[in-house]
Amino acid sequence: MAAAPALKHWRTTLERVEKFMSPVYFTDCNLRGRLFGASCPVAALSSFLTPDRLPYEEAVQRDFRPAQVGCSFGPTWWTCWFRVELTIPEAWVGQEVHLCWESDGEGLVWRDGEPVQGLTKEGEKTSYVLTDRLGERDPRSLTLYVEVACNGLLGAGKGSIIAAPDPEKMFQLSRAELAVFHRDVHMLLVDLELLLGIAKGLGKDNQRSFQALYTANQMVNVCDPAQPETFPVAQALASRFFGQRGGESQHTIHATGHCHIDTGRTVSWAWGQVPYALSWVGPSSLWAQLPSTCPQAQQLEWVKSRYPGLHSRLQEFACRGQFVPVGGTWVEMDGNLPSGEAMVRQFLQGQNFFLQEFGKMCSEFWLPDTFGYSAQLPQIMHGCGIRRFLTQKLSWNLVNSFPHHTFFWEGLDGSRVLVHFPPGDSYVMQGSVEEVLKTVANNRDKGRANHSAFLFGFGDGGGGPTQTMLDRLKRLSNTDGLPRVQLSSPRQLFSALESDSGQLCTWVGELFLELHNGTYTTHAQIKKGNRECERILHDVELLSSLALARSTQFLYPAAQLQHLWRLLLLNQFHDVVTGSCIQMVAEEAMCHYEDIRSHGNTLLSAAAAALCAGEPGPEGLLIVNTLPWKRTEVMALPKPGGAHSLALVTVPSMGYAPVPPPTSLQPLLPQQPVFVVQETDGSVTLDNGIIRVKLDPTGRLTSLVLVASGRRAHAEGAVGNAVCGLVDDVPCTGMAWGTHVDWWRLAGTCAGPRAGTPWAVGTEGGLRGSAWFLLQISPNSRLSQEVVLDVGCPYVRFHTEVHWHEAHKFLKVEFPARVRSSQATYEIQFGHLQRPTHYNTSWDWARFEVWAHRWMDLSEHGFGLALLNDCKYGASVRGSILMGYPPGLGAGMGTWVFPAITPPASAWPLPALLTPASVSPLQAESSPQRRSLVLRLYEAHGSHVDCWLHLSLPVQDAILCDLLERPDPAGHLPLRDSRLKLTFSPFQVLSLLLVLQPPPH
């Protein structure tokens, strides 16, 4: 009972101080209402509208028409340029003067031809400091330009950051005036705000909380807002409180200015370059006080091309350590879907850009916002000179709380990196006491690590840190009862963590995000474009490398390939390749894919012509194999008039062969030909002596047998190629982001096609046998499928074309296997990993939908079933049922799905790949006369192995290099009869720099 009066007093005092600060209560004495003093309108205001993003030099020459406060402009994605003519009153000499500007949209202030300040209501940037102290001789009349983009920081959605843009939205200018800013009032507000935060955050039972509240109450007592001469007394009270120091054991928070901008999600690339400028011109005035980071080279490249003056200033700040490029990648890419080689190119392009433009490479990988992290990322980081990693997204897990904030992460090959998750679970902090206390309280590695990151600044749409945020953090630098707050660079943060890392735990394998599973499948056209373009660029580089080595006339297309790679890397931003972007961005991405296809195929033809010059086959055709193993396959070869004929063709590894002459297109086959049998019950059997496939009249797989052993691969009494009926897409998060955890229960029984056209024989046998059917899925959507079996082929192909016109629906296809295993295997970058097929724990259950690259496999000893694909990523294995998505969902297009028996002699379908990289830029720059190539190899099965690499190229020297193509000084390898001996550990990636012999004169 005795505590009641004290508690009442505590609450009363808290309310009193809050009212003193409030703009609503006590309007005659509140502080917020006195931030700005005298004001006057701008001298003149004019504007013009344009649908384009114009350079400054062109915009200022346009015809400006008179404008006024309250005017509307738009629509969405247009730009309105304002010319603002100012005359500062002579009476304001000696005072801080601001241009106060409030408008919808993102504004950028231009002064003397350079961008100087971002303006946006969402980012609390509503004024521009004209002068912090107007001098008697300072010019009082000047002209500014304000470029306003008709979209907000988070796009132009209808009330939601994930909503589609409103194309007809109009914008309004609501304030444009000059005003005197009272900096002393601002600092009093910061002090009182922090004191109240401490009182609330530490709670009523904490001694320091009472001290904070008592100090705030004293300040209210001595401060009269109408008499500025009372302010120093109140400020002295606050300074005395914040000057009371803590002990040596206090947790240290490393505060870093940060601006996370989604390169492509709610704002298109063409319209999204203003946010990059407004986010960096704002902090530039703060960089003398704090380090700020930028993790994406692409954004800085856009700033360089559009705002060269700002780029030069960034370079100056970087030299002084105040602007800190981090991350090392071209964009903040998705951590799951890009191929291994594409991930390497993210770092190669990013690190080279940072080195060229800012004089140094990044030592930290900075990826706050993506949808999971591949188990191969630690090795890729190591190969690119990075041992430190910062991210945050796993705090969004739907089911399980990740157990660490600071830990070592061990990748697929055993590589380890130091990882830190900011314990405040945010990369857009604003410097409040609540956030500071949460950072300490939420830390799951208490006792192991006494340092944490604190990333402050407006993000997602941009904006960056503000002066107010910095003022708060400076006040909290070393105050008793709170953690220390230190303005730090990423290097200082990780150096502190490394010095105290002896007790840290280790996490092995992938970092799987238990959320946004729908991003593995959303927007199938983007997924298909990504896979196709990765393949095209691989093939162009391979053939160009071979042509360079064998032709004195061929010029390697390095510049063209860099441009195409950068387009693909841009599309691999974590909100684009995942399909979680707005439609406008998706359409731009599809245009980029088309550019890569078009120009890539032109480069491919040029390289093939140079490589195969003088060796044409019949009809001038040669067949090229870009894979590193010999292939014997059935091909459909073009004939005059547009027809095709089938041929069994053998092509050497990474080589080419002429088309067989017409007389030998039907030789005596070394393998059993394909037989196609139509049964009286309407079913169809395909048999090539290796596998025997039986399909019922509606297209379902009823029998799949390995002929040599007679072993059945499908589950008894079950059917494969079973298309689940239309399932309502009821995600846990936004439609493009999530998949319902119990989707199979929503689907009911997967009974396969119910309204299909009876099977028809497509190809009657010999080299190839096939059958096809048409399924009407709904009144609006249909699916056609051809099932193909070739001579000598150990797998059956399901060529599926989906014409999809459904909203909030999806399909899945099931293949029940006669295989029992608690683990299924999925291909990832440069290797594979296993995931459970059961739901023993909440961690297993949370992986109800997972990602894979070209294949997934369910095997027991010596036998298994695999699903291969050329454009899909989302999949799952539940029990003994392999499930994938039929192609084209939501995009109305055709793709391929390849289910296949995995022969006992081979562990998994795809062996190691050799991926030629670009001509080494380091070699090309340091020694133009030396021709060099980079060869990428990896161990794909998960074992130690010694092997010999046979080279048919004129190689003069072979040197081990890292993934950034930097030679290892001790990495020279002896050549023995054009062979190199190599040693691999499980899933290891090796890169070789091959120096070619000079061409003969």
# chains A, B, ... in the order shown; residues from 1 in each chain; ligands from 1
>>> select_by_dssp(residues="stretch 277-436 of chain A", states="strand (DSSP E)", output="PDB file with C-alpha atoms, in the first residue's frame")
ATOM      1  CA  SER A 292      27.455   6.036 -43.241  1.00  0.00           C
ATOM      2  CA  THR A 293      27.221   2.927 -45.387  1.00  0.00           C
ATOM      3  CA  CYS A 294      26.069   1.982 -48.860  1.00  0.00           C
ATOM      4  CA  PRO A 295      25.939  -1.728 -49.735  1.00  0.00           C
ATOM      5  CA  GLN A 296      25.044  -1.725 -53.445  1.00  0.00           C
ATOM      6  CA  PHE A 323      31.369   7.191 -46.411  1.00  0.00           C
ATOM      7  CA  VAL A 324      31.808   3.433 -46.197  1.00  0.00           C
ATOM      8  CA  PRO A 325      30.979   1.140 -49.122  1.00  0.00           C
ATOM      9  CA  VAL A 326      30.059  -2.266 -47.704  1.00  0.00           C
ATOM     10  CA  GLY A 327      28.603  -5.495 -49.017  1.00  0.00           C
ATOM     11  CA  GLY A 328      30.868  -6.001 -51.982  1.00  0.00           C
ATOM     12  CA  THR A 329      28.038  -7.005 -54.347  1.00  0.00           C
ATOM     13  CA  GLU A 364      32.076  -7.087 -44.892  1.00  0.00           C
ATOM     14  CA  PHE A 365      29.208  -8.710 -46.756  1.00  0.00           C
ATOM     15  CA  TRP A 366      26.170  -6.567 -45.945  1.00  0.00           C
ATOM     16  CA  ARG A 388      32.371 -10.924 -42.000  1.00  0.00           C
ATOM     17  CA  PHE A 389      28.639 -10.928 -42.631  1.00  0.00           C
ATOM     18  CA  LEU A 390      25.803  -8.732 -41.371  1.00  0.00           C
ATOM     19  CA  THR A 406      26.524 -13.138 -33.044  1.00  0.00           C
ATOM     20  CA  PHE A 407      27.963 -16.461 -34.186  1.00  0.00           C
ATOM     21  CA  PHE A 408      30.184 -18.239 -36.666  1.00  0.00           C
ATOM     22  CA  TRP A 409      28.522 -19.596 -39.775  1.00  0.00           C
ATOM     23  CA  GLU A 410      30.014 -22.704 -41.350  1.00  0.00           C
ATOM     24  CA  ARG A 416      33.529 -20.092 -41.648  1.00  0.00           C
ATOM     25  CA  VAL A 417      32.550 -16.435 -41.405  1.00  0.00           C
ATOM     26  CA  LEU A 418      31.674 -14.241 -38.449  1.00  0.00           C
ATOM     27  CA  VAL A 419      27.986 -13.271 -38.561  1.00  0.00           C
ATOM     28  CA  HIS A 420      26.143 -10.544 -36.704  1.00  0.00           C
TER      29      HIS A 420
END
>>> residues_around(residues="stretch 981-993 of chain A", least_positions_apart="6", cutoff="7 Å", atoms="only C-alpha atoms", output="MDAnalysis selection string")
chainID A and resid 412:413 830:831 932:949 958:963
>>> closest_residue(among="A:Val148, A:Ala636, A:Arg931, A:Ser209", to="A:Tyr556", atoms="only C-alpha atoms")
A:Arg931
>>> atom_distance(atom1="atom CA of A:Val281", atom2="atom CA of A:Pro41")
25.0 Å
>>> residues_around(residues="A:Arg245", least_positions_apart="6", cutoff="10 Å", atoms="only C-alpha atoms", output="count of residues only")
7
>>> select_by_dssp(residues="stretch 554-702 of chain A", states="alpha helix (DSSP H)", output="short mmCIF file (atom, residue, chain, number, x, y, z; two decimals) with N, CA and C atoms, in the first residue's frame")
data_model
loop_
_atom_site.label_atom_id
_atom_site.label_comp_id
_atom_site.auth_asym_id
_atom_site.auth_seq_id
_atom_site.Cartn_x
_atom_site.Cartn_y
_atom_site.Cartn_z
N ALA A 558 34.47 -8.63 -73.96
CA ALA A 558 34.46 -8.37 -72.52
C ALA A 558 33.48 -7.27 -72.14
N ALA A 559 33.46 -6.16 -72.88
CA ALA A 559 32.58 -5.04 -72.52
C ALA A 559 31.11 -5.44 -72.66
N GLN A 560 30.79 -6.13 -73.77
CA GLN A 560 29.40 -6.55 -73.98
C GLN A 560 28.96 -7.52 -72.89
N LEU A 561 29.84 -8.45 -72.53
CA LEU A 561 29.48 -9.43 -71.51
C LEU A 561 29.31 -8.76 -70.15
N GLN A 562 30.15 -7.78 -69.83
CA GLN A 562 29.98 -7.09 -68.55
C GLN A 562 28.62 -6.40 -68.51
N HIS A 563 28.22 -5.77 -69.61
CA HIS A 563 26.91 -5.11 -69.64
C HIS A 563 25.79 -6.12 -69.44
N LEU A 564 25.86 -7.26 -70.11
CA LEU A 564 24.80 -8.26 -69.99
C LEU A 564 24.78 -8.87 -68.59
N TRP A 565 25.97 -9.13 -68.05
CA TRP A 565 26.02 -9.66 -66.69
C TRP A 565 25.40 -8.67 -65.70
N ARG A 566 25.69 -7.40 -65.86
CA ARG A 566 25.15 -6.42 -64.91
C ARG A 566 23.63 -6.32 -65.02
N LEU A 567 23.08 -6.51 -66.21
CA LEU A 567 21.62 -6.57 -66.33
C LEU A 567 21.07 -7.76 -65.57
N LEU A 568 21.71 -8.91 -65.73
CA LEU A 568 21.23 -10.11 -65.03
C LEU A 568 21.39 -9.94 -63.52
N LEU A 569 22.51 -9.40 -63.08
CA LEU A 569 22.72 -9.20 -61.64
C LEU A 569 21.72 -8.23 -61.07
N LEU A 570 21.37 -7.19 -61.82
CA LEU A 570 20.34 -6.25 -61.37
C LEU A 570 19.01 -6.98 -61.19
N ASN A 571 18.67 -7.85 -62.13
CA ASN A 571 17.42 -8.61 -62.01
C ASN A 571 17.44 -9.60 -60.85
N GLN A 583 4.38 -4.71 -60.72
CA GLN A 583 4.32 -5.17 -62.11
C GLN A 583 5.23 -4.36 -63.02
N MET A 584 5.35 -3.07 -62.77
CA MET A 584 6.20 -2.23 -63.61
C MET A 584 7.65 -2.72 -63.57
N VAL A 585 8.14 -3.07 -62.38
CA VAL A 585 9.50 -3.58 -62.25
C VAL A 585 9.62 -4.94 -62.95
N ALA A 586 8.60 -5.79 -62.79
CA ALA A 586 8.62 -7.09 -63.46
C ALA A 586 8.71 -6.92 -64.98
N GLU A 587 7.99 -5.96 -65.51
CA GLU A 587 8.05 -5.73 -66.96
C GLU A 587 9.43 -5.24 -67.39
N GLU A 588 10.05 -4.39 -66.58
CA GLU A 588 11.41 -3.95 -66.90
C GLU A 588 12.37 -5.13 -66.83
N ALA A 589 12.17 -6.01 -65.85
CA ALA A 589 13.03 -7.18 -65.74
C ALA A 589 12.90 -8.07 -66.97
N MET A 590 11.68 -8.25 -67.47
CA MET A 590 11.48 -9.06 -68.66
C MET A 590 12.17 -8.44 -69.87
N CYS A 591 12.18 -7.11 -69.94
CA CYS A 591 12.90 -6.44 -71.04
C CYS A 591 14.40 -6.70 -70.92
N HIS A 592 14.92 -6.70 -69.70
CA HIS A 592 16.34 -7.00 -69.52
C HIS A 592 16.66 -8.42 -69.96
N TYR A 593 15.79 -9.36 -69.60
CA TYR A 593 16.01 -10.75 -70.04
C TYR A 593 16.02 -10.83 -71.57
N GLU A 594 15.11 -10.10 -72.20
CA GLU A 594 15.05 -10.14 -73.65
C GLU A 594 16.32 -9.55 -74.26
N ASP A 595 16.85 -8.50 -73.67
CA ASP A 595 18.12 -7.93 -74.14
C ASP A 595 19.25 -8.95 -74.01
N ILE A 596 19.28 -9.66 -72.88
CA ILE A 596 20.34 -10.65 -72.67
C ILE A 596 20.20 -11.78 -73.68
N ARG A 597 18.97 -12.24 -73.91
CA ARG A 597 18.76 -13.30 -74.90
C ARG A 597 19.21 -12.85 -76.28
N SER A 598 18.74 -11.67 -76.68
CA SER A 598 19.02 -11.19 -78.04
C SER A 598 20.51 -10.97 -78.26
N HIS A 599 21.13 -10.16 -77.40
CA HIS A 599 22.55 -9.87 -77.58
C HIS A 599 23.40 -11.08 -77.26
N GLY A 600 22.97 -11.87 -76.29
CA GLY A 600 23.72 -13.08 -75.96
C GLY A 600 23.74 -14.07 -77.10
N ASN A 601 22.61 -14.25 -77.78
CA ASN A 601 22.59 -15.18 -78.91
C ASN A 601 23.41 -14.66 -80.08
N THR A 602 23.47 -13.33 -80.24
CA THR A 602 24.34 -12.76 -81.29
C THR A 602 25.80 -13.06 -80.97
N LEU A 603 26.19 -12.85 -79.71
CA LEU A 603 27.56 -13.15 -79.31
C LEU A 603 27.85 -14.64 -79.42
N LEU A 604 26.85 -15.46 -79.11
CA LEU A 604 27.02 -16.91 -79.20
C LEU A 604 27.28 -17.33 -80.64
N SER A 605 26.53 -16.77 -81.56
CA SER A 605 26.71 -17.11 -82.98
C SER A 605 28.09 -16.67 -83.47
N ALA A 606 28.53 -15.48 -83.05
CA ALA A 606 29.83 -14.98 -83.48
C ALA A 606 30.95 -15.87 -82.94
N ALA A 607 30.86 -16.27 -81.68
CA ALA A 607 31.89 -17.12 -81.10
C ALA A 607 31.90 -18.50 -81.75
N ALA A 608 30.70 -19.06 -81.99
CA ALA A 608 30.63 -20.38 -82.64
C ALA A 608 31.19 -20.33 -84.05
N ALA A 609 30.90 -19.25 -84.78
CA ALA A 609 31.43 -19.12 -86.14
C ALA A 609 32.94 -19.05 -86.14
N ALA A 610 33.52 -18.28 -85.18
CA ALA A 610 34.97 -18.18 -85.11
C ALA A 610 35.60 -19.49 -84.66
N LEU A 611 34.94 -20.18 -83.74
CA LEU A 611 35.48 -21.43 -83.22
C LEU A 611 35.45 -22.53 -84.27
#
>>> closest_residue(among="A:Gly518, A:Gly641, A:Pro403, A:Pro794", to="A:Gly689", atoms="only C-alpha atoms")
A:Pro794
>>> residues_around(residues="A:His258", least_positions_apart="4", cutoff="8 Å", atoms="only C-alpha atoms", output="MDAnalysis selection string")
chainID A and resid 292:294 427:428 455:459 464:465
>>> residues_around(residues="A:Leu377", least_positions_apart="2", cutoff="9 Å", atoms="only C-alpha atoms", output="VMD selection string")
chain A and resid 335 340 343 373 to 375 379 to 382 411 to 412 510 829
>>> atom_distance(atom1="atom CA of A:Leu973", atom2="atom CA of A:Gln349")
26.8 Å
